[in-house]
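Participant: Got a file for you: start-v7.cif, mmCIF, C-alpha atoms.
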data_upload
#
loop_
_atom_site.label_atom_id
_atom_site.label_comp_id
_atom_site.auth_asym_id
_atom_site.auth_seq_id
_atom_site.Cartn_x
_atom_site.Cartn_y
_atom_site.Cartn_z
CA MET A 1 0.00 0.00 0.00
CA ALA A 2 1.43 3.35 -1.02
CA ILE A 3 2.34 5.48 1.95
CA ALA A 4 0.63 8.54 0.44
CA LYS A 5 -2.72 6.80 0.06
CA GLU A 6 -5.32 8.44 2.22
CA HIS A 7 -7.51 6.41 4.50
CA GLU A 8 -11.20 7.26 4.26
CA LEU A 9 -10.91 8.27 7.91
CA HIS A 10 -8.92 11.31 6.78
CA HIS A 11 -11.85 12.47 4.67
CA ARG A 12 -14.30 11.75 7.46
CA ARG A 13 -12.36 13.70 10.05
CA PHE A 14 -11.19 16.53 7.81
CA GLY A 15 -13.60 19.02 9.38
CA ARG A 16 -12.54 18.12 12.90
CA ASN A 17 -8.84 18.31 12.09
CA LEU A 18 -9.29 21.62 10.30
CA GLY A 19 -11.25 23.03 13.26
CA LEU A 20 -8.64 21.91 15.77
CA GLY A 21 -5.88 23.32 13.56
CA LEU A 22 -7.60 26.70 13.46
CA VAL A 23 -8.05 26.65 17.25
CA LEU A 24 -4.33 25.97 17.73
CA VAL A 25 -3.30 28.70 15.26
CA THR A 26 -5.65 31.15 17.04
CA MET A 27 -4.10 30.21 20.39
CA VAL A 28 -0.59 30.86 19.09
CA ALA A 29 -1.74 34.22 17.67
CA ILE A 30 -3.33 35.16 21.02
CA ILE A 31 -0.22 34.27 23.02
CA PHE A 32 1.95 36.21 20.59
CA GLY A 33 -0.39 39.20 20.64
CA LEU A 34 -0.68 39.19 24.44
CA THR A 35 3.07 39.05 24.82
CA PHE A 36 3.50 41.94 22.40
CA VAL A 37 0.88 44.10 24.10
CA LYS A 38 2.09 43.34 27.63
CA VAL A 39 5.74 43.91 26.84
CA THR A 40 5.42 47.01 24.68
CA VAL A 41 2.21 48.95 25.15
CA LEU A 42 1.39 48.20 28.79
CA ASP A 43 4.91 48.24 30.27
CA PRO A 44 5.41 51.68 31.91
CA ALA A 45 9.19 51.29 31.76
CA LEU A 46 9.06 50.84 28.02
CA ASN A 47 6.40 53.36 27.04
CA GLY A 48 7.26 55.99 29.63
CA THR A 49 3.74 56.32 31.07
CA ALA A 50 1.75 54.78 33.84
CA HIS A 51 -0.61 51.90 32.97
CA SER A 52 -2.99 53.79 30.74
CA GLY A 53 -4.71 51.06 28.82
CA HIS A 54 -5.19 52.81 25.51
CA SER A 55 -1.71 54.23 25.11
CA GLN A 56 -0.19 53.00 21.90
CA GLN A 57 3.06 54.93 22.19
CA VAL A 58 6.23 52.95 22.59
CA SER A 59 9.41 54.66 23.66
CA PRO A 60 12.40 54.03 21.48
CA MET B 1 -11.14 8.37 21.71
CA SER B 2 -10.62 4.63 21.36
CA ASP B 3 -9.32 2.59 18.45
CA MET B 4 -12.74 1.08 18.28
CA SER B 5 -14.20 4.44 17.33
CA VAL B 6 -11.63 4.73 14.54
CA MET B 7 -12.65 1.36 13.16
CA ASP B 8 -16.31 2.07 13.67
CA ASN B 9 -18.18 2.00 10.40
CA ASP B 10 -21.21 3.78 11.80
CA HIS B 11 -20.38 7.14 10.26
CA HIS B 12 -23.61 8.72 11.46
CA LYS B 13 -22.27 8.65 15.04
CA GLU B 14 -18.99 10.34 14.13
CA ALA B 15 -18.56 13.59 16.04
CA SER B 16 -17.98 16.67 13.94
CA PHE B 17 -16.15 19.78 15.11
CA GLY B 18 -19.58 21.34 15.56
CA ASP B 19 -20.52 18.69 18.11
CA TYR B 20 -17.64 19.75 20.34
CA VAL B 21 -18.71 23.37 19.88
CA ALA B 22 -22.28 22.34 20.82
CA LEU B 23 -20.93 20.98 24.13
CA LEU B 24 -20.04 24.58 24.98
CA LYS B 25 -23.71 25.63 24.70
CA PRO B 26 -23.17 28.47 22.19
CA ARG B 27 -26.68 29.90 22.70
CA VAL B 28 -26.11 30.34 26.44
CA MET B 29 -22.65 31.63 25.62
CA SER B 30 -24.13 34.48 23.58
CA LEU B 31 -25.76 35.94 26.73
CA VAL B 32 -22.53 35.41 28.67
CA VAL B 33 -20.47 37.19 26.01
CA PHE B 34 -22.90 40.08 25.60
CA THR B 35 -23.26 40.84 29.33
CA ALA B 36 -19.49 40.48 29.82
CA ILE B 37 -18.81 42.92 26.96
CA VAL B 38 -21.24 45.45 28.43
CA GLY B 39 -19.75 45.03 31.93
CA LEU B 40 -16.31 45.69 30.48
CA VAL B 41 -17.27 48.58 28.20
CA VAL B 42 -19.35 50.57 30.73
CA ALA B 43 -16.62 50.36 33.39
CA PRO B 44 -14.85 53.66 34.09
CA VAL B 45 -11.38 52.26 33.32
CA ALA B 46 -10.19 51.88 29.73
CA VAL B 47 -8.84 48.51 28.65
CA HIS B 48 -6.46 47.89 25.77
CA PRO B 49 -8.62 46.53 22.90
CA PHE B 50 -6.54 43.35 22.48
CA ILE B 51 -6.68 42.60 26.21
CA ALA B 52 -10.44 43.23 26.11
CA VAL B 53 -10.98 40.81 23.20
CA VAL B 54 -8.84 38.09 24.82
CA SER B 55 -10.62 38.58 28.16
CA ILE B 56 -14.06 38.24 26.59
CA LEU B 57 -12.86 35.13 24.74
CA CYS B 58 -11.66 33.66 28.06
CA ILE B 59 -15.00 34.41 29.74
CA ALA B 60 -16.83 32.80 26.78
CA ILE B 61 -14.60 29.71 26.91
CA GLY B 62 -15.01 29.48 30.70
CA GLY B 63 -18.78 29.67 30.29
CA GLY B 64 -18.59 27.05 27.55
CA ALA B 65 -16.44 24.80 29.72
CA SER B 66 -19.03 24.84 32.48
CA GLY B 67 -21.63 23.98 29.81
CA ALA B 68 -19.57 20.93 28.77
CA LEU B 69 -19.26 19.84 32.43
CA ASN B 70 -23.03 20.27 32.77
CA MET B 71 -23.66 18.09 29.71
CA TRP B 72 -21.26 15.45 31.07
CA TYR B 73 -23.00 15.25 34.45
CA ASP B 74 -26.55 15.61 33.13
CA ALA B 75 -26.22 13.10 30.26
CA ASP B 76 -28.76 10.79 31.96
CA ILE B 77 -31.34 13.61 32.21
CA ASP B 78 -30.63 14.79 28.66
CA ARG B 79 -31.41 11.32 27.30
CA VAL B 80 -34.90 11.49 28.82
CA MET B 81 -35.90 15.08 28.03
CA LYS B 82 -37.25 15.69 24.51
CA ARG B 83 -35.65 19.15 24.36
CA THR B 84 -32.14 17.79 24.98
CA GLN B 85 -32.18 14.39 23.27
CA SER B 86 -30.36 15.69 20.20
CA ARG B 87 -27.39 17.00 22.21
CA PRO B 88 -24.05 15.36 21.27
CA ILE B 89 -23.85 12.96 24.26
CA PRO B 90 -27.44 11.59 24.27
CA ALA B 91 -27.26 11.35 20.46
CA GLY B 92 -24.18 9.15 20.86
CA ARG B 93 -21.80 11.35 18.85
CA VAL B 94 -19.58 12.36 21.80
CA THR B 95 -18.71 10.22 24.82
CA GLU B 96 -19.24 11.44 28.39
CA GLY B 97 -15.50 11.16 29.00
CA GLU B 98 -14.73 13.48 26.09
CA ALA B 99 -17.14 16.09 27.45
CA LEU B 100 -15.57 15.86 30.92
CA GLY B 101 -12.06 16.16 29.47
CA LEU B 102 -13.00 19.13 27.31
CA GLY B 103 -14.78 20.85 30.22
CA VAL B 104 -11.90 20.43 32.67
CA ALA B 105 -9.23 21.42 30.14
CA LEU B 106 -11.08 24.54 28.96
CA SER B 107 -11.89 25.55 32.56
CA GLY B 108 -8.21 25.56 33.52
CA PHE B 109 -7.18 27.20 30.26
CA SER B 110 -9.74 30.03 30.48
CA VAL B 111 -9.06 30.89 34.13
CA VAL B 112 -5.25 30.92 33.81
CA PHE B 113 -5.39 32.86 30.54
CA LEU B 114 -7.77 35.46 31.98
CA GLY B 115 -5.51 35.89 35.00
CA LEU B 116 -2.49 36.43 32.75
CA ALA B 117 -4.29 38.66 30.25
CA ALA B 118 -6.33 40.84 32.65
CA ASN B 119 -6.07 40.32 36.41
CA TRP B 120 -6.54 37.61 39.03
CA VAL B 121 -9.72 39.11 40.53
CA ALA B 122 -11.48 38.55 37.20
CA ALA B 123 -9.87 35.10 36.90
CA GLY B 124 -10.99 34.20 40.43
CA LEU B 125 -14.56 35.28 39.64
CA LEU B 126 -14.49 33.17 36.45
CA ALA B 127 -13.21 30.14 38.39
CA PHE B 128 -15.96 30.63 40.96
CA THR B 129 -18.57 30.93 38.19
CA ILE B 130 -17.47 27.62 36.61
CA PHE B 131 -17.46 25.95 40.04
CA PHE B 132 -20.87 27.40 40.86
CA TYR B 133 -22.49 26.21 37.62
CA ALA B 134 -20.80 22.80 37.37
CA VAL B 135 -20.78 21.81 41.05
CA VAL B 136 -23.25 23.92 43.07
CA TYR B 137 -25.99 24.04 40.41
CA THR B 138 -25.50 20.94 38.22
CA MET B 139 -24.28 18.40 40.77
CA TRP B 140 -26.01 19.65 43.89
CA LEU B 141 -29.04 21.92 43.51
CA LYS B 142 -30.58 20.84 40.21
CA ARG B 143 -31.68 17.39 41.38
CA TRP B 144 -32.27 18.33 45.01
CA THR B 145 -34.42 21.44 45.37
CA PRO B 146 -37.13 23.20 43.35
CA GLN B 147 -35.28 26.44 44.14
CA ASN B 148 -32.44 25.11 41.91
CA ILE B 149 -32.64 27.83 39.28
CA VAL B 150 -32.97 30.64 41.84
CA ILE B 151 -29.51 29.97 43.26
CA GLY B 152 -28.12 28.43 40.07
CA GLY B 153 -29.03 31.61 38.21
CA ALA B 154 -26.05 33.25 39.89
CA ALA B 155 -23.76 31.40 37.47
CA GLY B 156 -25.34 33.17 34.51
CA ALA B 157 -25.24 36.49 36.33
CA PHE B 158 -21.50 36.58 37.01
CA PRO B 159 -20.16 37.38 33.49
CA ALA B 160 -21.16 41.08 33.66
CA MET B 161 -19.34 41.29 36.99
CA ILE B 162 -16.29 39.55 35.49
CA GLY B 163 -16.27 42.00 32.56
CA TRP B 164 -16.34 44.89 35.04
CA ALA B 165 -13.51 43.26 37.06
CA VAL B 166 -11.41 42.89 33.89
CA ALA B 167 -11.46 46.69 33.55
CA THR B 168 -11.43 47.82 37.17
CA GLY B 169 -9.76 44.91 38.96
CA GLY B 170 -12.53 44.89 41.56
CA ILE B 171 -16.22 44.77 42.45
CA SER B 172 -18.52 47.77 42.98
CA ILE B 173 -22.19 48.66 43.35
CA GLU B 174 -22.59 48.89 39.55
CA SER B 175 -21.29 45.37 38.95
CA VAL B 176 -23.28 44.00 41.89
CA LEU B 177 -26.48 45.49 40.44
CA MET B 178 -25.69 44.14 36.95
CA PHE B 179 -25.25 40.75 38.61
CA ALA B 180 -28.51 41.17 40.54
CA LEU B 181 -30.41 42.09 37.36
CA VAL B 182 -29.58 38.78 35.65
CA PHE B 183 -29.87 36.85 38.93
CA MET B 184 -33.42 38.10 39.65
CA TRP B 185 -34.47 37.70 36.01
CA THR B 186 -33.53 34.00 35.84
CA PRO B 187 -36.35 32.49 38.00
CA PRO B 188 -39.33 34.07 36.15
CA HIS B 189 -37.63 33.30 32.82
CA PHE B 190 -37.18 29.57 33.56
CA TRP B 191 -40.41 29.08 35.48
CA ALA B 192 -42.38 30.52 32.55
CA LEU B 193 -40.64 27.93 30.35
CA ALA B 194 -41.39 25.20 32.90
CA LEU B 195 -45.10 26.07 32.81
CA PHE B 196 -45.38 24.86 29.21
CA MET B 197 -42.51 22.30 29.26
CA ASN B 198 -43.63 20.65 32.50
CA SER B 199 -43.89 17.08 31.21
CA ASP B 200 -40.26 17.12 30.07
CA TYR B 201 -38.93 18.00 33.53
CA GLU B 202 -41.37 15.60 35.18
CA ARG B 203 -40.17 12.70 33.01
CA ALA B 204 -36.53 13.46 33.91
CA GLY B 205 -37.33 13.69 37.62
CA VAL B 206 -35.93 17.22 37.92
CA PRO B 207 -37.61 18.92 40.88
CA MET B 208 -38.89 22.00 39.08
CA LEU B 209 -41.27 24.15 41.07
CA THR B 210 -44.08 23.19 38.68
CA VAL B 211 -43.49 19.51 39.53
CA THR B 212 -43.02 19.78 43.29
CA HIS B 213 -45.40 22.61 44.24
CA GLY B 214 -47.73 22.81 41.24
CA ARG B 215 -48.46 25.45 38.65
CA ARG B 216 -50.52 27.72 40.93
CA VAL B 217 -47.55 28.22 43.27
CA THR B 218 -45.21 28.66 40.27
CA ARG B 219 -47.45 31.42 38.90
CA GLY B 220 -47.25 33.17 42.28
CA HIS B 221 -43.46 32.82 42.35
CA ILE B 222 -43.15 34.29 38.84
CA LEU B 223 -45.10 37.36 39.95
CA ALA B 224 -43.10 37.73 43.19
CA TYR B 225 -39.71 37.55 41.47
CA THR B 226 -40.85 39.89 38.67
CA LEU B 227 -41.92 42.44 41.30
CA LEU B 228 -38.58 42.07 43.11
CA LEU B 229 -36.68 42.37 39.82
CA ALA B 230 -38.14 45.79 38.93
CA PRO B 231 -36.45 47.87 41.70
CA VAL B 232 -33.12 46.18 40.98
CA ALA B 233 -33.40 47.00 37.27
CA VAL B 234 -34.47 50.59 37.91
CA GLY B 235 -31.89 51.00 40.71
CA LEU B 236 -29.07 50.21 38.29
CA GLY B 237 -30.17 53.27 36.31
CA PHE B 238 -29.28 55.58 39.21
CA THR B 239 -25.64 54.42 39.35
CA SER B 240 -22.76 55.82 37.30
CA VAL B 241 -23.45 53.38 34.44
CA GLY B 242 -27.09 54.44 34.10
CA GLY B 243 -28.53 57.24 32.04
CA PRO B 244 -31.70 58.43 30.32
CA VAL B 245 -31.67 55.66 27.69
CA TYR B 246 -31.37 52.95 30.31
CA MET B 247 -33.98 54.54 32.55
CA VAL B 248 -36.60 54.73 29.77
CA VAL B 249 -35.91 51.10 28.78
CA ALA B 250 -35.94 49.89 32.41
CA LEU B 251 -39.21 51.64 33.29
CA ALA B 252 -41.02 50.56 30.13
CA SER B 253 -39.80 46.94 30.02
CA ASN B 254 -40.34 46.32 33.73
CA ALA B 255 -43.87 47.70 33.54
CA TRP B 256 -44.50 45.33 30.61
CA PHE B 257 -42.83 42.42 32.45
CA ILE B 258 -44.95 42.99 35.58
CA LEU B 259 -48.08 43.18 33.45
CA GLY B 260 -47.17 39.84 31.86
CA ALA B 261 -46.49 38.28 35.27
CA LEU B 262 -49.86 39.55 36.54
CA ARG B 263 -51.63 37.98 33.56
CA ILE B 264 -49.84 34.66 34.25
CA TRP B 265 -50.78 34.86 37.94
CA ARG B 266 -54.47 35.54 37.21
CA ARG B 267 -54.89 32.57 34.83
CA ASP B 268 -55.96 29.10 35.84
CA GLU B 269 -54.84 25.90 34.17
CA THR B 270 -58.03 25.34 32.21
CA VAL B 271 -57.74 28.72 30.49
CA ALA B 272 -53.99 28.28 29.95
CA ALA B 273 -54.40 24.81 28.43
CA GLY B 274 -57.25 26.16 26.29
CA ASP B 275 -55.03 28.62 24.43
CA LYS B 276 -51.95 26.34 24.61
CA TYR B 277 -50.16 28.57 27.16
CA ALA B 278 -50.13 31.58 24.81
CA VAL B 279 -49.63 34.10 27.66
CA GLU B 280 -46.85 32.05 29.28
CA LYS B 281 -45.10 31.63 25.94
CA ALA B 282 -45.36 35.37 25.21
CA PHE B 283 -43.94 36.17 28.68
CA PHE B 284 -41.06 33.73 28.07
CA ARG B 285 -40.32 35.27 24.65
CA PHE B 286 -40.25 38.76 26.17
CA SER B 287 -37.99 37.53 28.97
CA LEU B 288 -35.43 36.55 26.30
CA VAL B 289 -35.42 40.15 25.06
CA TYR B 290 -35.57 41.67 28.57
CA VAL B 291 -31.92 41.16 29.56
CA PHE B 292 -30.67 42.06 26.10
CA ILE B 293 -32.43 45.44 25.97
CA HIS B 294 -31.31 46.39 29.50
CA PHE B 295 -27.66 45.73 28.72
CA ALA B 296 -27.98 47.28 25.25
CA ALA B 297 -29.38 50.41 26.94
CA LEU B 298 -26.34 50.53 29.28
CA LEU B 299 -24.19 50.37 26.16
CA GLY B 300 -26.25 53.17 24.62
CA ASP B 301 -25.72 55.44 27.65
CA ALA B 302 -21.99 54.62 27.69
CA THR B 303 -21.79 55.67 24.03
CA LEU B 304 -23.62 58.92 24.79
CA ARG B 305 -21.28 59.63 27.72
CA ALA B 306 -18.26 59.00 25.49
CA LEU B 307 -19.66 61.63 23.13
CA ASN B 308 -20.23 64.00 26.10
CA PHE B 309 -23.93 63.75 25.46
CA GLY B 310 -26.23 62.18 28.02
CA GLY B 311 -25.58 60.24 31.20
CA TRP B 312 -26.38 61.45 34.69
#
Kindly present the structure from the file in structure tokens form.
Facilitator:
Amino acid sequence: MAIAKEHELHHRRFGRNLGLGLVLVTMVAIIFGLTFVKVTVLDPALNGTAHSGHSQQVSP
Amino acid sequence: MSDMSVMDNDHHKEASFGDYVALLKPRVMSLVVFTAIVGLVVAPVAVHPFIAVVSILCIAIGGGASGALNMWYDADIDRVMKRTQSRPIPAGRVTEGEALGLGVALSGFSVVFLGLAANWVAAGLLAFTIFFYAVVYTMWLKRWTPQNIVIGGAAGAFPAMIGWAVATGGISIESVLMFALVFMWTPPHFWALALFMNSDYERAGVPMLTVTHGRRVTRGHILAYTLLLAPVAVGLGFTSVGGPVYMVVALASNAWFILGALRIWRRDETVAAGDKYAVEKAFFRFSLVYVFIHFAALLGDATLRALNFGGW
């Protein structure tokens, strides 16, 4: 049996695997985004202001 | 998931991604998300938009996780009740173990993530909400007392308070009153449903007030809770989150709600059965809109305040 041949199970579970894949990609994006926001925008030492929430300015 | 399920040729019982989403009770989640968003937006402290989105997502996932735990524990009841027989577990598409695993994993994930993204007060409230719904309501109260939904309603009332805590890091009179609004609304909402879905609960052996104390008493309870709800709803309008939009909505919708409760209270079973519970069904339908319009009005006043137009 060729190694590339797909089992019918792959077709059956395509939706589930795709959904789980999207969930994992979203989770990675959230962790990356949170890290970016926490480290740059919300860190008073980096942006030179107190915790202001909406401040988008980042000190050089 | 066992190897047996992989080899299983019964494709109709294969769980789709949507079945796992259904375990999270997306319809209930919509109320959770909406009240949490309003709680967060009307708070006097600004939140970074990305933190706000992640926090709401965590609250939604936490609410969904408690839904999955509820479906795991209540699978036996769900198999009996007509309304719930098509859920993934009673339909045989998802195993009870999978629901338990998903519920526990998402509970831990949502609480820890909310703590890291926002603050640990909000995370603690979310953890308590999941515990309250899954353990206090589902495992303890639901099968034990006809007052189950009165106390269990607290679980659905917490999200607005969590949203407020995400922004402020604490609890205040505004968030307590937002909590109280949903808490006091829950009993008349569910008891109206129970009046025309009685046989379902009876079959499952769930001690709903209609089953244990009869419909006459339930009608009285609906009126009592609707009368107690009105001052809470109007009282919220006098706090810093209230305003003219909210006050108009609160006064009009509570007057309408009380009128509906009075009509339910005055009816006897013969009349109600005669028109197939038309009044009860209309009251239930309005109760679905009731919470939405109150929180939408809070959002409306917050928008007006942001534009320096309106508010108290």
Participant: Please evaluate the PyMOL selection byres ((chain B) within 6 of (chain A)) against the structure above and give the resulting residues as a PDB file with C-alpha atoms, in the frame of the given file.
Facilitator:
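For reference, out_10.pdb as written:
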ATOM      1  CA  SER B  16     -17.980  16.670  13.940  1.00  0.00           C
ATOM      2  CA  PHE B  17     -16.150  19.780  15.110  1.00  0.00           C
ATOM      3  CA  ALA B  46     -10.190  51.880  29.730  1.00  0.00           C
ATOM      4  CA  VAL B  47      -8.840  48.510  28.650  1.00  0.00           C
ATOM      5  CA  HIS B  48      -6.460  47.890  25.770  1.00  0.00           C
TER       6      HIS B  48
END
Participant: On this structure, which residues satisfy the PyMOL selection byres ((chain B and resi 148-159) around 7), written as a PyMOL selection string?
Facilitator: chain B and resi 32+35-36+129+132-133+137+141-142+145-147+160-163+179+182-183+186-187
Participant: Expressed in Å to a single decimal, how great is the separation between atom CA of B:Lys25 and atom CA of B:Gly67?
Facilitator: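 So the answer is 5.8 Å.
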Participant: So which residues get picked by the PyMOL selection byres ((chain B and resi 202-219) around 6) here, written as a PyMOL selection string?
Facilitator: chain B and resi 77+80+143+146+199-201+220-222+265
Participant: Work out how far apart atom CA of B:Asn308 and atom CA of B:Leu236 are and give it in Å to one decimal.
Facilitator: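 A separation of 20.4 Å between them.
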Participant: What is the distance, in Å and to one decimal place, between atom CA of B:Arg93 and atom CA of B:Ser30?
Facilitator: 23.7 Å
Participant: For B:Ile61, work out the shell of residues within 9 Å, counting only C-alpha atoms and skipping chain neighbours fewer than 6 positions away, then give it as a list in words.
Facilitator: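 Contacts, in chain order: Leu24, Met29, Leu106, Ser107, Phe109 and Ser110 of chain B.
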